[in-house]
file query_16.tsv (TSV, C-alpha atoms)
chain	number	residue	atom	x	y	z
A	27	MET	CA	17.43	-7.28	2.74
A	28	ILE	CA	14.63	-9.50	4.12
A	29	ASP	CA	14.69	-13.28	3.78
A	30	VAL	CA	11.81	-15.21	5.37
A	31	GLN	CA	11.68	-18.99	5.02
A	32	ASN	CA	8.85	-21.27	6.25
A	33	LEU	CA	8.01	-18.87	9.06
A	34	THR	CA	5.31	-20.08	11.45
A	35	LYS	CA	3.91	-18.50	14.60
A	36	THR	CA	1.39	-20.46	16.64
A	37	TYR	CA	-0.54	-19.29	19.67
A	38	VAL	CA	-2.78	-21.50	21.79
A	39	GLY	CA	-5.47	-22.74	19.45
A	40	LYS	CA	-4.47	-20.43	16.58
A	41	THR	CA	-1.85	-20.25	13.84
A	42	ALA	CA	-1.18	-16.58	13.07
A	43	VAL	CA	1.54	-17.18	10.45
A	44	ASP	CA	1.57	-20.44	8.51
A	45	GLY	CA	4.72	-21.48	6.61
A	46	LEU	CA	5.38	-18.01	5.20
A	47	SER	CA	8.27	-17.50	2.75
A	48	PHE	CA	9.27	-14.35	0.86
A	49	LYS	CA	12.21	-12.10	0.05
A	50	VAL	CA	12.59	-8.34	-0.22
A	51	GLU	CA	15.57	-7.08	-2.22
A	52	PRO	CA	17.60	-3.96	-1.30
A	53	GLY	CA	15.94	-0.76	-2.54
A	54	GLU	CA	12.49	-2.28	-3.01
A	55	VAL	CA	9.32	-0.66	-1.66
A	56	VAL	CA	7.00	-3.57	-0.89
A	57	GLY	CA	3.35	-3.36	0.14
A	58	PHE	CA	2.45	-5.86	2.86
A	59	LEU	CA	-1.30	-6.34	2.55
A	60	GLY	CA	-4.06	-8.46	4.00
A	61	PRO	CA	-7.30	-8.21	5.98
A	62	ASN	CA	-7.27	-7.79	9.74
A	63	GLY	CA	-5.96	-10.96	11.35
A	64	ALA	CA	-4.06	-12.08	8.25
A	65	GLY	CA	-0.72	-12.25	10.12
A	66	LYS	CA	0.89	-9.01	8.91
A	67	SER	CA	1.58	-7.44	12.30
A	68	THR	CA	2.79	-10.76	13.74
A	69	THR	CA	5.26	-11.14	10.86
A	70	MET	CA	6.52	-7.57	11.31
A	71	ARG	CA	6.95	-8.09	15.04
A	72	ILE	CA	9.03	-11.20	14.35
A	73	LEU	CA	11.18	-9.29	11.83
A	74	THR	CA	11.76	-6.50	14.34
A	75	GLY	CA	12.63	-8.82	17.22
A	76	PHE	CA	9.51	-8.27	19.33
A	77	LEU	CA	8.34	-11.87	18.89
A	78	SER	CA	10.13	-15.15	18.30
A	79	PRO	CA	8.82	-17.57	15.64
A	80	THR	CA	7.49	-21.01	16.48
A	81	SER	CA	9.49	-22.38	13.54
A	82	GLY	CA	11.21	-21.20	10.39
A	83	THR	CA	13.79	-18.46	9.90
A	84	ALA	CA	13.83	-14.73	9.23
A	85	ARG	CA	16.90	-12.69	8.33
A	86	VAL	CA	17.26	-8.91	8.07
A	87	ASN	CA	20.32	-7.52	6.26
A	88	GLY	CA	21.87	-10.98	6.53
A	89	PHE	CA	21.33	-11.30	10.30
A	90	ASP	CA	19.07	-13.89	11.89
A	91	VAL	CA	16.41	-11.95	13.82
A	92	PHE	CA	16.44	-14.49	16.68
A	93	HIS	CA	20.09	-15.50	17.04
A	94	GLN	CA	21.57	-12.13	15.93
A	95	SER	CA	18.79	-9.90	17.18
A	96	ILE	CA	20.87	-6.80	18.05
A	97	ASP	CA	22.61	-6.71	14.66
A	98	ALA	CA	19.31	-7.22	12.86
A	99	ARG	CA	17.59	-4.44	14.80
A	100	ARG	CA	20.44	-2.03	14.09
A	101	SER	CA	19.62	-2.48	10.41
A	102	LEU	CA	15.99	-1.35	10.60
A	103	GLY	CA	13.66	1.40	11.64
A	104	TYR	CA	10.25	0.26	12.86
A	105	MET	CA	7.04	2.25	13.12
A	106	PRO	CA	4.26	0.18	14.74
A	107	GLU	CA	0.61	1.04	14.14
A	108	ASN	CA	0.17	2.45	17.64
A	109	ALA	CA	3.66	3.79	18.24
A	110	PRO	CA	4.63	4.11	21.93
A	111	LEU	CA	6.03	7.61	22.51
A	112	TYR	CA	7.30	9.34	25.64
A	113	MET	CA	4.38	11.71	25.97
A	114	ASP	CA	6.01	14.08	28.50
A	115	MET	CA	8.98	14.86	26.25
A	116	ARG	CA	9.21	17.60	23.66
A	117	VAL	CA	9.44	16.54	20.00
A	118	LYS	CA	13.05	17.58	19.41
A	119	GLU	CA	14.12	16.28	22.83
A	120	TYR	CA	12.49	12.91	22.13
A	121	LEU	CA	14.14	12.54	18.70
A	122	GLN	CA	17.54	13.47	20.17
A	123	PHE	CA	17.02	10.84	22.88
A	124	ARG	CA	16.03	8.19	20.34
A	125	GLY	CA	18.92	9.09	18.05
A	126	ALA	CA	21.38	8.74	20.94
A	127	ILE	CA	19.99	5.29	21.75
A	128	LYS	CA	20.64	4.34	18.13
A	129	GLY	CA	24.31	5.35	18.41
A	130	LEU	CA	24.29	8.92	17.09
A	131	SER	CA	26.08	11.73	18.90
A	132	GLY	CA	27.39	15.27	18.51
A	133	SER	CA	26.98	17.09	15.23
A	134	LEU	CA	25.76	13.95	13.43
A	135	LEU	CA	22.91	13.57	15.93
A	136	ARG	CA	21.92	17.23	15.56
A	137	LYS	CA	22.05	16.95	11.77
A	138	ARG	CA	19.90	13.80	11.61
A	139	VAL	CA	17.30	15.19	14.01
A	140	GLY	CA	17.03	18.32	11.89
A	141	GLU	CA	16.74	16.27	8.69
A	142	VAL	CA	13.96	14.00	9.95
A	143	MET	CA	12.03	16.92	11.46
A	144	ASP	CA	12.14	18.66	8.08
A	145	ALA	CA	11.23	15.47	6.21
A	146	CYS	CA	8.25	14.77	8.49
A	147	ALA	CA	7.16	18.44	8.72
A	148	LEU	CA	7.76	18.63	12.47
A	149	THR	CA	9.95	21.73	12.70
A	150	GLU	CA	7.08	24.01	13.70
A	151	VAL	CA	6.15	21.77	16.66
A	152	ARG	CA	9.68	20.80	17.71
A	153	ARG	CA	9.34	22.49	21.13
A	154	LYS	CA	5.86	21.14	21.90
A	155	ILE	CA	5.12	18.38	24.43
A	156	ILE	CA	4.18	15.21	22.51
A	157	ASN	CA	1.11	14.70	24.70
A	158	ASN	CA	-0.26	18.02	23.42
A	159	LEU	CA	0.03	17.05	19.75
A	160	SER	CA	-2.78	15.77	17.55
A	161	LYS	CA	-2.80	12.12	16.54
A	162	GLY	CA	-1.54	13.06	13.08
A	163	PHE	CA	1.51	14.86	14.49
A	164	ARG	CA	2.19	11.95	16.84
A	165	GLN	CA	2.24	9.65	13.82
A	166	ARG	CA	4.79	11.94	12.21
A	167	VAL	CA	6.95	11.86	15.34
A	168	ALA	CA	6.86	8.05	15.23
A	169	LEU	CA	7.88	8.10	11.56
A	170	ALA	CA	10.74	10.50	12.33
A	171	ASP	CA	11.84	8.13	15.11
A	172	ALA	CA	12.01	5.25	12.59
A	173	LEU	CA	14.07	7.41	10.22
A	174	VAL	CA	16.48	9.10	12.62
A	175	GLY	CA	19.05	6.29	12.65
A	176	LYS	CA	19.13	6.27	8.82
A	177	PRO	CA	18.55	2.50	8.69
A	178	PRO	CA	18.79	0.59	5.39
A	179	LEU	CA	15.36	-0.98	6.07
A	180	LEU	CA	12.10	0.67	7.17
A	181	ILE	CA	9.18	-1.42	8.45
A	182	LEU	CA	6.06	0.74	8.60
A	183	ASP	CA	2.77	-0.52	10.02
A	184	GLU	CA	-0.09	1.81	8.96
A	185	PRO	CA	2.11	4.97	8.84
A	186	THR	CA	-0.77	7.18	7.64
A	187	ASN	CA	-3.26	6.09	10.31
A	188	GLY	CA	-4.95	9.20	11.68
A	189	LEU	CA	-3.50	11.58	9.09
A	190	ASP	CA	-5.57	13.99	7.01
A	191	PRO	CA	-5.42	13.84	3.15
A	192	ASN	CA	-2.67	16.48	2.94
A	193	GLN	CA	-0.55	14.62	5.49
A	194	ILE	CA	-1.16	11.30	3.69
A	195	ARG	CA	0.05	12.89	0.46
A	196	HIS	CA	3.16	14.16	2.26
A	197	VAL	CA	3.97	10.67	3.57
A	198	ARG	CA	3.43	9.23	0.08
A	199	GLU	CA	5.84	11.78	-1.42
A	200	LEU	CA	8.34	10.93	1.31
A	201	LEU	CA	8.14	7.22	0.47
A	202	LEU	CA	8.55	7.98	-3.24
A	203	ALA	CA	11.69	9.99	-2.41
A	204	PHE	CA	13.15	6.90	-0.70
A	205	LYS	CA	12.58	4.60	-3.70
A	206	GLY	CA	15.79	2.97	-4.86
A	207	ARG	CA	17.71	4.33	-1.85
A	208	GLN	CA	16.02	2.58	1.04
A	209	THR	CA	14.20	-0.72	1.46
A	210	ILE	CA	10.65	-0.33	2.78
A	211	LEU	CA	8.10	-2.89	3.95
A	212	LEU	CA	4.80	-1.01	4.13
A	213	SER	CA	1.59	-2.29	5.69
A	214	THR	CA	-1.46	-0.16	4.92
A	215	HIS	CA	-5.16	-0.38	4.07
A	216	ILE	CA	-4.94	2.58	1.69
A	217	LEU	CA	-4.58	0.57	-1.50
A	218	SER	CA	-4.30	3.59	-3.79
A	219	GLN	CA	-1.15	4.51	-1.86
A	220	VAL	CA	0.26	1.04	-2.51
A	221	GLU	CA	-0.43	1.35	-6.25
A	222	GLN	CA	1.38	4.67	-6.36
A	223	THR	CA	4.41	3.87	-4.21
A	224	CYS	CA	5.14	0.12	-4.15
A	225	ASP	CA	7.27	-1.91	-6.56
A	226	ARG	CA	5.74	-5.16	-5.37
A	227	VAL	CA	2.84	-6.45	-3.29
A	228	LEU	CA	2.79	-9.32	-0.79
A	229	LEU	CA	-0.79	-10.27	0.07
A	230	LEU	CA	-1.48	-12.43	3.13
A	231	HIS	CA	-4.68	-14.20	4.07
A	232	GLN	CA	-5.14	-16.49	7.08
A	233	GLY	CA	-1.40	-16.52	7.69
A	234	LYS	CA	-0.47	-17.68	4.18
A	235	LEU	CA	1.01	-15.80	1.22
A	236	ARG	CA	-1.69	-15.53	-1.47
A	237	ALA	CA	0.01	-13.19	-3.95
A	238	ASP	CA	3.50	-11.87	-4.69
A	239	ASP	CA	3.75	-9.61	-7.75
A	240	THR	CA	3.73	-6.02	-8.94
A	241	PRO	CA	0.44	-4.13	-8.48
A	242	GLN	CA	0.09	-3.88	-12.26
A	243	ASN	CA	0.53	-7.62	-12.84
A	244	LEU	CA	-1.91	-8.50	-10.07
A	245	VAL	CA	-4.58	-6.31	-11.66
A	246	ARG	CA	-3.81	-7.73	-15.11
A	247	LYS	CA	-4.17	-11.32	-13.90
A	248	LEU	CA	-7.39	-10.67	-12.03
A	249	ARG	CA	-10.31	-12.80	-13.13
A	250	ALA	CA	-12.84	-10.02	-12.44
A	251	ALA	CA	-14.90	-8.46	-15.23
A	252	SER	CA	-14.31	-4.86	-16.31
A	253	ASP	CA	-16.63	-2.02	-17.30
A	254	LEU	CA	-16.80	-0.10	-20.57
A	255	HIS	CA	-18.39	3.34	-20.64
A	256	LEU	CA	-19.99	4.32	-23.96
A	257	GLU	CA	-21.66	7.60	-24.92
A	258	VAL	CA	-23.26	7.43	-28.37
A	259	SER	CA	-25.83	9.14	-30.62
A	260	GLY	CA	-27.11	9.03	-34.19
A	261	GLY	CA	-29.26	5.94	-34.15
A	262	THR	CA	-31.75	3.71	-32.37
A	263	GLY	CA	-31.74	0.23	-30.88
A	264	PHE	CA	-28.33	0.68	-29.32
A	265	GLU	CA	-28.84	-1.98	-26.64
A	266	GLU	CA	-30.02	-4.57	-29.16
A	267	HIS	CA	-26.90	-4.11	-31.28
A	268	LEU	CA	-24.51	-3.96	-28.32
A	269	ALA	CA	-25.91	-7.16	-26.80
A	270	LYS	CA	-24.75	-9.08	-29.90
A	271	VAL	CA	-21.06	-8.16	-29.34
A	272	THR	CA	-19.10	-11.13	-28.01
A	273	GLY	CA	-17.91	-10.54	-24.45
A	274	VAL	CA	-20.73	-8.27	-23.31
A	275	ARG	CA	-22.20	-9.67	-20.10
A	276	LYS	CA	-24.61	-6.89	-19.12
A	277	ILE	CA	-25.75	-3.51	-20.46
A	278	THR	CA	-26.94	-0.74	-18.16
A	279	ALA	CA	-28.53	2.39	-19.62
A	280	GLU	CA	-27.32	5.40	-17.65
A	281	LYS	CA	-28.11	9.06	-18.28
A	282	GLN	CA	-29.66	10.58	-21.41
A	283	GLU	CA	-28.24	13.96	-22.41
A	284	GLY	CA	-30.07	15.40	-25.40
A	285	ASN	CA	-29.41	13.04	-28.31
A	286	TRP	CA	-26.60	11.31	-26.45
A	287	SER	CA	-27.17	7.96	-24.72
A	288	HIS	CA	-24.79	6.71	-22.07
A	289	PHE	CA	-24.33	2.97	-21.39
A	290	THR	CA	-22.17	0.97	-19.00
A	291	LEU	CA	-21.22	-2.42	-20.45
A	292	ARG	CA	-20.06	-5.19	-18.13
A	293	ILE	CA	-17.34	-7.08	-20.02
A	294	GLU	CA	-16.05	-10.61	-19.50
A	295	ALA	CA	-12.71	-10.93	-17.71
A	296	ARG	CA	-9.58	-10.40	-19.81
A	297	THR	CA	-11.69	-9.17	-22.73
A	298	ASP	CA	-11.32	-5.90	-24.65
A	299	ILE	CA	-14.18	-5.12	-27.04
A	300	ARG	CA	-13.39	-1.49	-27.84
A	301	GLU	CA	-12.43	-2.24	-31.43
A	302	ALA	CA	-15.63	-4.26	-31.93
A	303	ILE	CA	-17.70	-1.36	-30.56
A	304	PHE	CA	-15.93	1.11	-32.83
A	305	ASP	CA	-16.53	-1.12	-35.88
A	306	LEU	CA	-20.19	-1.41	-34.87
A	307	ALA	CA	-20.46	2.38	-34.66
A	308	LEU	CA	-18.94	2.80	-38.11
A	309	LYS	CA	-21.30	0.23	-39.59
A	310	ASN	CA	-24.39	1.93	-38.12
A	311	ARG	CA	-23.07	5.49	-38.53
A	312	TRP	CA	-23.18	6.22	-34.83
A	313	GLN	CA	-21.30	9.12	-33.28
A	314	ILE	CA	-19.16	8.26	-30.25
A	315	ARG	CA	-18.31	10.87	-27.63
A	316	GLU	CA	-16.91	8.48	-25.03
A	317	LEU	CA	-15.47	4.97	-25.21
A	318	ARG	CA	-13.60	4.28	-21.98
A	319	ARG	CA	-12.53	1.03	-20.39
A	320	GLU	CA	-12.47	0.90	-16.59
A	321	LEU	CA	-9.98	-1.72	-15.44
A	322	PRO	CA	-10.08	-3.58	-12.10
A	323	THR	CA	-8.11	-1.99	-9.26
A	324	LEU	CA	-5.83	-3.33	-6.55
A	325	GLU	CA	-8.86	-3.15	-4.26
A	326	ASP	CA	-10.63	-5.65	-6.56
A	327	VAL	CA	-7.57	-7.93	-6.33
A	328	PHE	CA	-7.61	-7.63	-2.53
A	329	VAL	CA	-11.31	-8.52	-2.32
A	330	GLU	CA	-11.05	-11.47	-4.71
A	331	LEU	CA	-8.02	-13.05	-3.06
A	332	THR	CA	-9.20	-12.60	0.53
A	333	HIS	CA	-12.93	-13.17	0.12
A	334	VAL	CA	-14.18	-16.08	2.21
call {"tool": "encode", "arguments": {"input": "query_16.tsv", "output": "C-alpha cells"}}
result
Amino acid sequence: MIDVQNLTKTYVGKTAVDGLSFKVEPGEVVGFLGPNGAGKSTTMRILTGFLSPTSGTARVNGFDVFHQSIDARRSLGYMPENAPLYMDMRVKEYLQFRGAIKGLSGSLLRKRVGEVMDACALTEVRRKIINNLSKGFRQRVALADALVGKPPLLILDEPTNGLDPNQIRHVRELLLAFKGRQTILLSTHILSQVEQTCDRVLLLHQGKLRADDTPQNLVRKLRAASDLHLEVSGGTGFEEHLAKVTGVRKITAEKQEGNWSHFTLRIEARTDIREAIFDLALKNRWQIRELRRELPTLEDVFVELTHV
C-alpha cells in the first residue's frame, strides 16, 4: 500500500528526511513515531502530495505520488495535525461538501456522511457551525473528513490531539475496528495507544529510520534494565541475600507493612531472576506475597533510540 525508497527532502541548510525506505502492507496499522523534528510530518506531506521529494520515490496503492499524484490521492484519506476546516459551515454540510469533492453523490453520499458521523460521534452536533465546536469535536470532524471517501489508506497525524480521555478511547476503538480492513499510518505521541492498536512501529530520528518492528519485539530487544517487585516476610537480612543473586544491579527498600518488606530490584537487561528468587525464598523459608517483573515499555524504546 505504501512503498518508500531512498526518500530525501532537503531544505536550505537542513535535511528533514534522509534516505528513508520502508513499506506498509495492505491492512496493516503502522505507528509512525519520532521526536519533534524527526521528519514524520514531512514524510506524510510527501505521501499525500503536499510536498515533492528532493530525491527518491514514494508510491501509494501502486501510484507514484509525484508523477501520478491525483490517482495516489484518490487512494488515501489524510488528517493533518492542525486540520484546515471551513469554519463557517455546519458539520453535516461540510462533510457532504467534502464527500462530493471526493466523487460521492446521491444516496451513496448521504449514506457515507451518516456512517462517518456515527463512527466519529458527530450526529448530535451535525447542525452546528464548526467554528462553535470545541477543539475535540473539530478533530472528530477532520477524522470524519478523512474517512468519508472510504479510502483504502488512512494517514493520520496526531488524530487524538486535543481530545479528552473518553474521546481518545473512542478513536482507539475506531482504529481497532479498522484493523485488517484498512491500511493506517498513524503518527502520535501517545505511545500506549500505539502499543494497543499498531501491528508495527516505524521510528524516525533526525530524518532516518531507527527501528522497524512490532511493538512487542522492540520492547523485547531493548537493552534497558527491568524492575522486579518483591514483597516478602519470615526472615531477616533480605537485602544481603538478594544482593548475591546474579543479575541484581540495585536493591531499593520500599514500604514496610507489618511483617512484610517490599523491595524493588533493578535487574540487568534481558535477565529474568524470578526462579532464583523463588529458590532463595524456599531455602530460607521466606513467605512471598508478590513477585512481579516490570518490563520496559515502548516509551523506554522511544527514549533509548532517540536520546542524543
call {"tool": "closest_residue", "arguments": {"input": "query_16.tsv", "among": "A:Ser47, A:Thr69, A:Ser78, A:Thr323", "to": "A:Asp183", "atoms": "all atoms listed in the file"}}
result
A:Thr69
call {"tool": "closest_residue", "arguments": {"input": "query_16.tsv", "among": "A:Leu308, A:Ala295, A:Leu159, A:Leu173", "to": "A:Leu321", "atoms": "all atoms listed in the file"}}
result
A:Ala295
call {"tool": "closest_residue", "arguments": {"input": "query_16.tsv", "among": "A:Pro185, A:Gly129, A:Gly75, A:Gly53", "to": "A:Ser95", "atoms": "all atoms listed in the file"}}
result
A:Gly75
call {"tool": "atom_distance", "arguments": {"input": "query_16.tsv", "atom1": "atom CA of A:Leu217", "atom2": "atom CA of A:Leu256"}}
result
27.5 Å
call {"tool": "residues_around", "arguments": {"input": "query_16.tsv", "residues": "stretch 225-235 of chain A", "least_positions_apart": "2", "cutoff": "6 Å", "atoms": "all atoms listed in the file", "output": "MDAnalysis selection string"}}
result
chainID A and resid 42:44 46 55:60 64:65 237:240 332
call {"tool": "axis_aligned_box", "arguments": {"input": "query_16.tsv", "around": "stretch 278-292 of chain A", "padding_each_side": "5 Å", "output": "JSON"}}
result
{"center_x": -25.1, "center_y": 5.1, "center_z": -23.0, "size_x": 20.0, "size_y": 30.6, "size_z": 20.7}
call {"tool": "closest_residue", "arguments": {"input": "query_16.tsv", "among": "A:Asp326, A:Ala203, A:Arg164, A:Thr297", "to": "A:Pro241", "atoms": "all atoms listed in the file"}}
result
A:Asp326
